[in-house]
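Reproduced below: entry_27.cif, with mmCIF, C-alpha atoms.
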```
data_data
#
loop_
_atom_site.label_atom_id
_atom_site.label_comp_id
_atom_site.auth_asym_id
_atom_site.auth_seq_id
_atom_site.Cartn_x
_atom_site.Cartn_y
_atom_site.Cartn_z
CA MET N 19 -15.46 -10.77 -8.41
CA ARG N 20 -13.91 -14.03 -9.60
CA THR N 21 -15.09 -13.20 -13.11
CA ASN N 22 -13.35 -9.81 -13.19
CA THR N 23 -10.25 -10.10 -15.37
CA ALA N 24 -8.36 -7.27 -13.66
CA ILE N 25 -8.90 -8.76 -10.20
CA ARG N 26 -7.86 -12.20 -11.40
CA LEU N 27 -4.66 -10.94 -13.05
CA GLY N 28 -3.76 -8.61 -10.21
CA GLY N 29 -4.62 -11.15 -7.54
CA GLY N 30 -2.59 -13.83 -9.30
CA THR N 31 0.43 -11.53 -9.55
CA VAL N 32 0.28 -10.38 -5.94
CA GLY N 33 -0.49 -13.92 -4.77
CA LEU N 34 2.56 -15.25 -6.58
CA LEU N 35 4.75 -12.60 -4.96
CA ALA N 36 3.27 -13.43 -1.57
CA ILE N 37 4.04 -17.13 -2.09
CA VAL N 38 7.61 -16.24 -3.04
CA ALA N 39 7.90 -14.12 0.11
CA LEU N 40 6.57 -16.90 2.34
CA VAL N 41 8.12 -19.99 0.75
CA GLY N 42 11.24 -18.67 -0.99
CA PRO N 43 13.35 -18.08 2.13
CA LEU N 44 12.38 -21.51 3.47
CA VAL N 45 13.51 -23.47 0.41
CA SER N 46 16.57 -21.42 -0.51
CA PRO N 47 19.89 -23.01 0.52
CA TYR N 48 21.55 -19.60 0.82
CA ASP N 49 21.61 -16.99 3.53
CA PRO N 50 20.70 -13.47 2.34
CA THR N 51 23.48 -11.78 4.33
CA THR N 52 26.36 -14.28 4.18
CA GLN N 53 29.13 -13.12 1.85
CA ALA N 54 30.88 -15.43 -0.62
CA LEU N 55 33.43 -13.30 -2.44
CA GLU N 56 34.66 -16.22 -4.55
CA THR N 57 31.29 -16.24 -6.34
CA ARG N 58 30.77 -12.47 -6.64
CA LEU N 59 29.04 -11.04 -9.72
CA GLN N 60 28.27 -14.39 -11.28
CA GLY N 61 25.56 -14.32 -13.91
CA PRO N 62 22.32 -16.31 -13.76
CA ALA N 63 23.05 -20.04 -13.65
CA LEU N 64 21.57 -23.23 -12.24
CA ALA N 65 23.18 -22.69 -8.83
CA HIS N 66 22.11 -19.02 -8.77
CA PRO N 67 19.02 -18.50 -10.97
CA LEU N 68 19.25 -14.70 -10.73
CA GLY N 69 23.02 -14.44 -10.29
CA THR N 70 25.00 -13.11 -7.36
CA ASP N 71 25.76 -9.59 -6.20
CA ALA N 72 29.03 -7.79 -5.53
CA LEU N 73 29.47 -9.67 -2.25
CA GLY N 74 28.61 -13.10 -3.64
CA ARG N 75 25.13 -13.26 -2.13
CA ASP N 76 22.39 -15.05 -4.04
CA VAL N 77 20.11 -12.46 -5.68
CA ALA N 78 17.06 -14.75 -5.79
CA THR N 79 17.28 -15.39 -2.05
CA ARG N 80 17.66 -11.70 -1.29
CA LEU N 81 14.74 -10.96 -3.61
CA ALA N 82 12.50 -13.37 -1.68
CA TYR N 83 13.51 -11.90 1.67
CA GLY N 84 13.03 -8.42 0.20
CA ALA N 85 9.48 -9.36 -0.79
CA ARG N 86 8.73 -10.03 2.88
CA VAL N 87 10.06 -6.63 3.90
CA SER N 88 8.44 -4.63 1.09
CA LEU N 89 5.01 -6.26 1.28
CA ALA N 90 4.88 -6.15 5.08
CA LEU N 91 5.91 -2.50 5.08
CA ALA N 92 3.23 -1.64 2.53
CA VAL N 93 0.50 -3.44 4.49
CA VAL N 94 1.47 -1.84 7.82
CA ALA N 95 1.76 1.69 6.42
CA THR N 96 -1.53 1.41 4.52
CA THR N 97 -3.32 0.02 7.57
CA ILE N 98 -2.16 2.99 9.64
CA ARG N 99 -3.26 5.37 6.89
CA VAL N 100 -6.71 3.80 6.77
CA ALA N 101 -7.12 3.90 10.56
CA ILE N 102 -6.09 7.55 10.90
CA GLY N 103 -7.93 8.78 7.82
CA THR N 104 -11.16 6.91 8.59
CA THR N 105 -11.22 8.17 12.17
CA ILE N 106 -10.65 11.80 11.18
CA GLY N 107 -13.16 11.57 8.32
CA LEU N 108 -15.86 10.19 10.62
CA LEU N 109 -15.16 12.82 13.27
CA ALA N 110 -15.32 15.60 10.67
CA ALA N 111 -18.63 14.38 9.25
CA THR N 112 -20.36 13.75 12.57
CA GLY N 113 -18.75 16.22 14.97
CA GLY N 114 -20.44 19.47 14.00
CA ARG N 115 -19.40 22.49 11.95
CA PHE N 116 -16.52 23.59 14.16
CA VAL N 117 -14.94 20.13 14.34
CA ASP N 118 -15.50 19.64 10.61
CA ALA N 119 -13.86 22.94 9.72
CA LEU N 120 -10.91 22.35 12.05
CA LEU N 121 -10.19 18.82 10.85
CA MET N 122 -10.62 19.61 7.17
CA ARG N 123 -8.24 22.55 7.41
CA LEU N 124 -5.76 20.08 8.89
CA VAL N 125 -6.39 17.82 5.90
CA ASP N 126 -5.88 20.75 3.51
CA ILE N 127 -2.56 21.60 5.17
CA GLN N 128 -1.37 18.02 4.82
CA LEU N 129 -2.42 17.84 1.17
CA ALA N 130 -0.64 21.12 0.43
CA PHE N 131 2.74 19.38 0.75
CA PRO N 132 3.96 16.97 -1.96
CA GLY N 133 3.70 13.53 -0.43
CA LEU N 134 7.09 12.14 -1.41
CA VAL N 135 8.91 15.35 -0.45
CA LEU N 136 7.24 15.37 2.96
CA ALA N 137 8.10 11.69 3.44
CA LEU N 138 11.73 12.46 2.57
CA VAL N 139 11.82 15.23 5.16
CA ILE N 140 10.23 13.11 7.90
CA ALA N 141 12.45 10.10 7.20
CA GLY N 142 15.52 12.33 7.06
CA VAL N 143 14.71 13.97 10.39
CA LEU N 144 13.87 10.72 12.16
CA GLY N 145 16.84 8.83 10.72
CA PRO N 146 17.24 5.88 8.35
CA SER N 147 15.28 2.79 9.41
CA LEU N 148 12.29 0.77 8.30
CA ARG N 149 10.25 1.92 11.28
CA ASN N 150 10.80 5.56 10.36
CA VAL N 151 9.84 4.83 6.75
CA VAL N 152 6.55 3.39 7.98
CA ILE N 153 5.98 6.51 10.09
CA ALA N 154 6.82 8.83 7.19
CA LEU N 155 4.60 7.03 4.68
CA SER N 156 1.74 6.82 7.18
CA VAL N 157 1.86 10.52 7.99
CA VAL N 158 1.71 11.64 4.36
CA GLY N 159 -1.09 9.35 3.18
CA TRP N 160 -4.01 9.53 5.59
CA ALA N 161 -5.60 12.76 4.29
CA SER N 162 -7.04 11.15 1.15
CA TYR N 163 -8.89 8.60 3.27
CA ALA N 164 -10.24 11.35 5.52
CA ARG N 165 -11.73 13.24 2.57
CA ILE N 166 -13.27 10.14 1.03
CA VAL N 167 -14.79 8.98 4.32
CA ARG N 168 -16.14 12.44 5.11
CA GLY N 169 -17.73 12.76 1.68
CA SER N 170 -19.29 9.30 1.89
CA VAL N 171 -20.74 9.96 5.34
CA LEU N 172 -22.10 13.38 4.35
CA ALA N 173 -23.87 11.75 1.40
CA ILE N 174 -25.86 9.37 3.62
CA ARG N 175 -26.17 10.98 7.04
CA ASP N 176 -29.46 12.70 6.14
CA ARG N 177 -31.06 9.62 4.61
CA PRO N 178 -34.22 8.26 6.27
CA PHE N 179 -32.65 5.15 7.78
CA VAL N 180 -30.01 7.27 9.53
CA GLN N 181 -32.53 9.83 10.74
CA SER N 182 -34.79 7.04 11.99
CA SER N 183 -31.95 5.61 14.04
CA LYS N 184 -31.34 9.02 15.57
CA LEU N 185 -35.02 9.38 16.45
CA TYR N 186 -34.93 6.01 18.20
CA GLY N 187 -32.12 7.34 20.37
CA THR N 188 -29.37 5.14 18.94
CA PRO N 189 -26.02 6.06 20.56
CA ARG N 190 -23.60 7.80 18.23
CA ARG N 191 -21.02 5.03 18.47
CA ARG N 192 -23.58 2.39 17.46
CA LEU N 193 -24.92 4.65 14.72
CA VAL N 194 -21.45 5.06 13.23
CA ARG N 195 -20.64 1.37 13.50
CA ARG N 196 -23.93 -0.02 12.16
CA HIS N 197 -25.06 2.58 9.61
CA LEU N 198 -22.19 4.82 8.54
CA LEU N 199 -19.09 2.63 8.46
CA PRO N 200 -20.54 -0.01 6.09
CA HIS N 201 -21.06 2.70 3.44
CA VAL N 202 -17.43 3.83 3.48
CA VAL N 203 -15.89 0.37 3.22
CA SER N 204 -16.05 0.17 -0.58
CA PRO N 205 -14.28 3.46 -1.47
CA VAL N 206 -11.75 2.99 1.31
CA LEU N 207 -10.99 -0.57 0.18
CA VAL N 208 -10.43 0.56 -3.41
CA LEU N 209 -8.16 3.44 -2.37
CA ALA N 210 -6.21 1.23 0.05
CA THR N 211 -5.59 -1.38 -2.64
CA LEU N 212 -4.32 1.24 -5.07
CA ASN N 213 -2.17 2.79 -2.35
CA LEU N 214 -0.45 -0.50 -1.55
CA GLY N 215 1.45 -0.33 -4.83
CA THR N 216 2.26 3.34 -4.26
CA VAL N 217 3.63 2.59 -0.81
CA VAL N 218 5.84 -0.22 -2.16
CA LEU N 219 7.25 2.17 -4.77
CA ALA N 220 7.75 5.01 -2.27
CA ALA N 221 9.40 2.71 0.29
CA ALA N 222 11.77 1.40 -2.37
CA GLY N 223 12.61 4.97 -3.33
CA LEU N 224 13.39 5.96 0.25
CA SER N 225 15.55 2.87 0.72
CA TYR N 226 17.34 3.63 -2.55
CA LEU N 227 18.22 7.07 -1.16
CA GLY N 228 19.55 5.50 2.04
CA LEU N 229 16.64 6.52 4.29
CA GLY N 230 14.96 3.14 4.60
CA ALA N 231 16.32 -0.35 5.08
CA GLN N 232 20.04 -0.42 5.81
CA PRO N 233 22.56 -3.02 4.59
CA PRO N 234 22.70 -5.95 4.91
CA THR N 235 18.86 -6.02 5.13
CA SER N 236 17.31 -7.40 1.96
CA GLU N 237 14.92 -4.80 0.53
CA TRP N 238 14.17 -4.11 -3.11
CA GLY N 239 15.15 -0.44 -3.03
CA THR N 240 18.38 -1.24 -1.20
CA MET N 241 19.17 -3.96 -3.75
CA ILE N 242 18.76 -1.49 -6.61
CA ALA N 243 20.98 1.01 -4.82
CA GLY N 244 23.66 -1.66 -4.31
CA GLY N 245 23.60 -2.66 -7.97
CA ARG N 246 23.51 0.76 -9.63
CA ASN N 247 27.31 0.80 -10.03
CA TYR N 248 27.21 -2.47 -11.97
CA LEU N 249 24.59 -1.67 -14.59
CA ARG N 250 26.91 -2.57 -17.47
CA SER N 251 28.74 -5.54 -16.01
CA ALA N 252 25.93 -7.09 -13.92
CA PRO N 253 22.52 -5.73 -15.01
CA TRP N 254 20.66 -8.51 -13.17
CA LEU N 255 21.41 -6.78 -9.87
CA VAL N 256 19.01 -3.98 -10.81
CA THR N 257 16.71 -5.84 -13.18
CA ALA N 258 15.50 -8.45 -10.67
CA PRO N 259 14.31 -6.08 -7.90
CA GLY N 260 13.11 -3.56 -10.50
CA VAL N 261 10.87 -6.15 -12.14
CA ALA N 262 9.61 -7.25 -8.71
CA ILE N 263 8.62 -3.67 -7.84
CA MET N 264 6.95 -3.23 -11.23
CA LEU N 265 4.93 -6.45 -10.90
CA THR N 266 3.84 -5.54 -7.38
CA VAL N 267 2.65 -2.08 -8.36
CA VAL N 268 0.86 -3.36 -11.48
CA GLY N 269 -0.75 -6.19 -9.49
CA PHE N 270 -2.16 -3.91 -6.81
CA ASN N 271 -3.33 -1.39 -9.41
CA LEU N 272 -5.18 -4.11 -11.31
CA ILE N 273 -6.87 -5.30 -8.12
CA GLY N 274 -7.85 -1.73 -7.25
CA ASP N 275 -9.27 -1.07 -10.72
CA GLY N 276 -11.21 -4.33 -10.59
CA LEU N 277 -12.61 -3.59 -7.15
CA ARG N 278 -13.66 -0.14 -8.29
CA ASP N 279 -15.54 -1.63 -11.23
CA GLU N 280 -17.26 -4.19 -9.00
CA LEU N 281 -18.07 -2.00 -6.00
CA ASP N 282 -18.85 1.36 -7.62
CA PRO N 283 -22.64 1.78 -8.07
CA ASP N 284 -21.98 3.84 -11.22
CA HIS N 285 -20.68 0.68 -12.91
CA LEU N 286 -23.73 -1.43 -12.01
CA ASP N 287 -25.17 -1.40 -15.53
CA ASP N 288 -21.79 -2.37 -17.00
CA ARG N 289 -21.55 -5.32 -14.61
CA LYS N 290 -25.03 -6.54 -15.47
CA ARG N 291 -24.29 -6.22 -19.19
CA ARG N 292 -21.00 -8.12 -18.83
CA ARG N 293 -22.60 -10.95 -16.89
CA THR N 294 -25.45 -11.19 -19.38
#
```
Please express the file's structure as structure tokens.
Amino acid sequence: MRTNTAIRLGGGTVGLLAIVALVGPLVSPYDPTTQALETRLQGPALAHPLGTDALGRDVATRLAYGARVSLALAVVATTIRVAIGTTIGLLAATGGRFVDALLMRLVDIQLAFPGLVLALVIAGVLGPSLRNVVIALSVVGWASYARIVRGSVLAIRDRPFVQSSKLYGTPRRRLVRRHLLPHVVSPVLVLATLNLGTVVLAAAGLSYLGLGAQPPTSEWGTMIAGGRNYLRSAPWLVTAPGVAIMLTVVGFNLIGDGLRDELDPDHLDDRKRRRT
């Protein structure tokens, strides 16, 4: 995978953002929540590389702290999606016709609602907080994983090596863990990588609407919301977090596309040709 250009570009972009999230707050001399009204709305300069906001807080410092919040939120929400979707997909594929029909109708009901609209409703009902954003984004995203896992398991459950394991009396739990799960890792990994960027964008949107992180918490969507009234006089307030969101989404999408090319059997001939 090190030779795949998309993975290298995407991994470098996401890796750089992760380094900023880990190291930036440690080396910054400023506090992300301390106000300094005497330096409010100053443009980019040596003391403040990305300027200051309406309360005099350093934008670069808040951007680095916001990277921690946004990336952590995306990882947690996607992990919950994968866990729920994989479990339901495995149960649907191995639990018999009745269980399959019941669970897949549940998946169809979930997919019938627009994801962002449903997340808005859930976050609005639960109240504005990062924890509720994680819950909302986890609830609306697991169905895609369930369908992919179910389809992957149905494609291999009648193959000879699976049937042989059943004839030997292999317990269902061991059968799923040793023979079925390894075949769903690749499609789930690709979808999860692509969804990381989507979750970052959706979380920023919910925070922008006031349903996610609350001031003075540093979060990219909240930073854009706080700077929208200063687009003409201080455009850096919106540009900095907007570019960070864009780079994050593009980075994860590039990694996902690269993983799909490397892990999809349909692209095997293309990989051999490229290496040759």
Selection result for the PyMOL selection byres ((chain N and resi 214-224) around 9) on this file, as a count of residues only: 41
What is the distance, in Å and to one decimal place, between atom CA of N:Val125 and atom CA of N:Ala173? 19.0 Å
To one decimal in Å, tell me the separation between atom CA of N:Asp176 and atom CA of N:Tyr163. 21.2 Å
Which of these residues is nearest to N:Glu56, using all atoms listed in the file: N:Leu199, N:Ala72, N:Ala24, N:Ile140?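 Nearest to N:Glu56: N:Ala72.
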Write out as a PyMOL selection string each polymer residue whose atoms come within 9 Å of stretch 247-257 of chain N, counting all atoms listed in the file; drop sequence neighbours fewer than 6 positions from it. chain N and resi 59-62+68-72+77+241
How would the residues just picked look written out with C-alpha atoms as a compact mmCIF listing (two decimals), keeping the file's coordinate frame?
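For reference, part.txt as written:
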```
# COMPACT_ATOMS: atom_id res chain seq x y z
CA LEU N 59 29.04 -11.04 -9.72
CA GLN N 60 28.27 -14.39 -11.28
CA GLY N 61 25.56 -14.32 -13.91
CA PRO N 62 22.32 -16.31 -13.76
CA LEU N 68 19.25 -14.70 -10.73
CA GLY N 69 23.02 -14.44 -10.29
CA THR N 70 25.00 -13.11 -7.36
CA ASP N 71 25.76 -9.59 -6.20
CA ALA N 72 29.03 -7.79 -5.53
CA VAL N 77 20.11 -12.46 -5.68
CA MET N 241 19.17 -3.96 -3.75
```
Please indicate the distance in Å from atom CA of N:Leu120 to atom CA of N:Leu193, rounded to one decimal place. 22.7 Å
Just so the selection is clear, what residues does the PyMOL selection byres ((chain N and resi 47) around 12) cover here, as an mmCIF file with C-alpha atoms, in the frame of the given file?
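Here's the written file result_34.cif:
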```cif
data_model
loop_
_atom_site.group_PDB
_atom_site.id
_atom_site.type_symbol
_atom_site.label_atom_id
_atom_site.label_comp_id
_atom_site.auth_asym_id
_atom_site.auth_seq_id
_atom_site.Cartn_x
_atom_site.Cartn_y
_atom_site.Cartn_z
ATOM 1 C CA GLY N 42 11.240 -18.670 -0.990
ATOM 2 C CA PRO N 43 13.350 -18.080 2.130
ATOM 3 C CA LEU N 44 12.380 -21.510 3.470
ATOM 4 C CA VAL N 45 13.510 -23.470 0.410
ATOM 5 C CA SER N 46 16.570 -21.420 -0.510
ATOM 6 C CA TYR N 48 21.550 -19.600 0.820
ATOM 7 C CA ASP N 49 21.610 -16.990 3.530
ATOM 8 C CA PRO N 50 20.700 -13.470 2.340
ATOM 9 C CA THR N 52 26.360 -14.280 4.180
ATOM 10 C CA ALA N 65 23.180 -22.690 -8.830
ATOM 11 C CA HIS N 66 22.110 -19.020 -8.770
ATOM 12 C CA ARG N 75 25.130 -13.260 -2.130
ATOM 13 C CA ASP N 76 22.390 -15.050 -4.040
ATOM 14 C CA ALA N 78 17.060 -14.750 -5.790
ATOM 15 C CA THR N 79 17.280 -15.390 -2.050
ATOM 16 C CA ARG N 80 17.660 -11.700 -1.290
#
```
Check the smallest atom-to-atom distance from each of N:Thr104, N:Ser204, N:Thr57, N:Ser162 to N:Gly274 using all atoms listed in the file, then report the winner.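 Nearest candidate to N:Gly274 out of N:Thr104, N:Ser204, N:Thr57, N:Ser162: N:Ser204.
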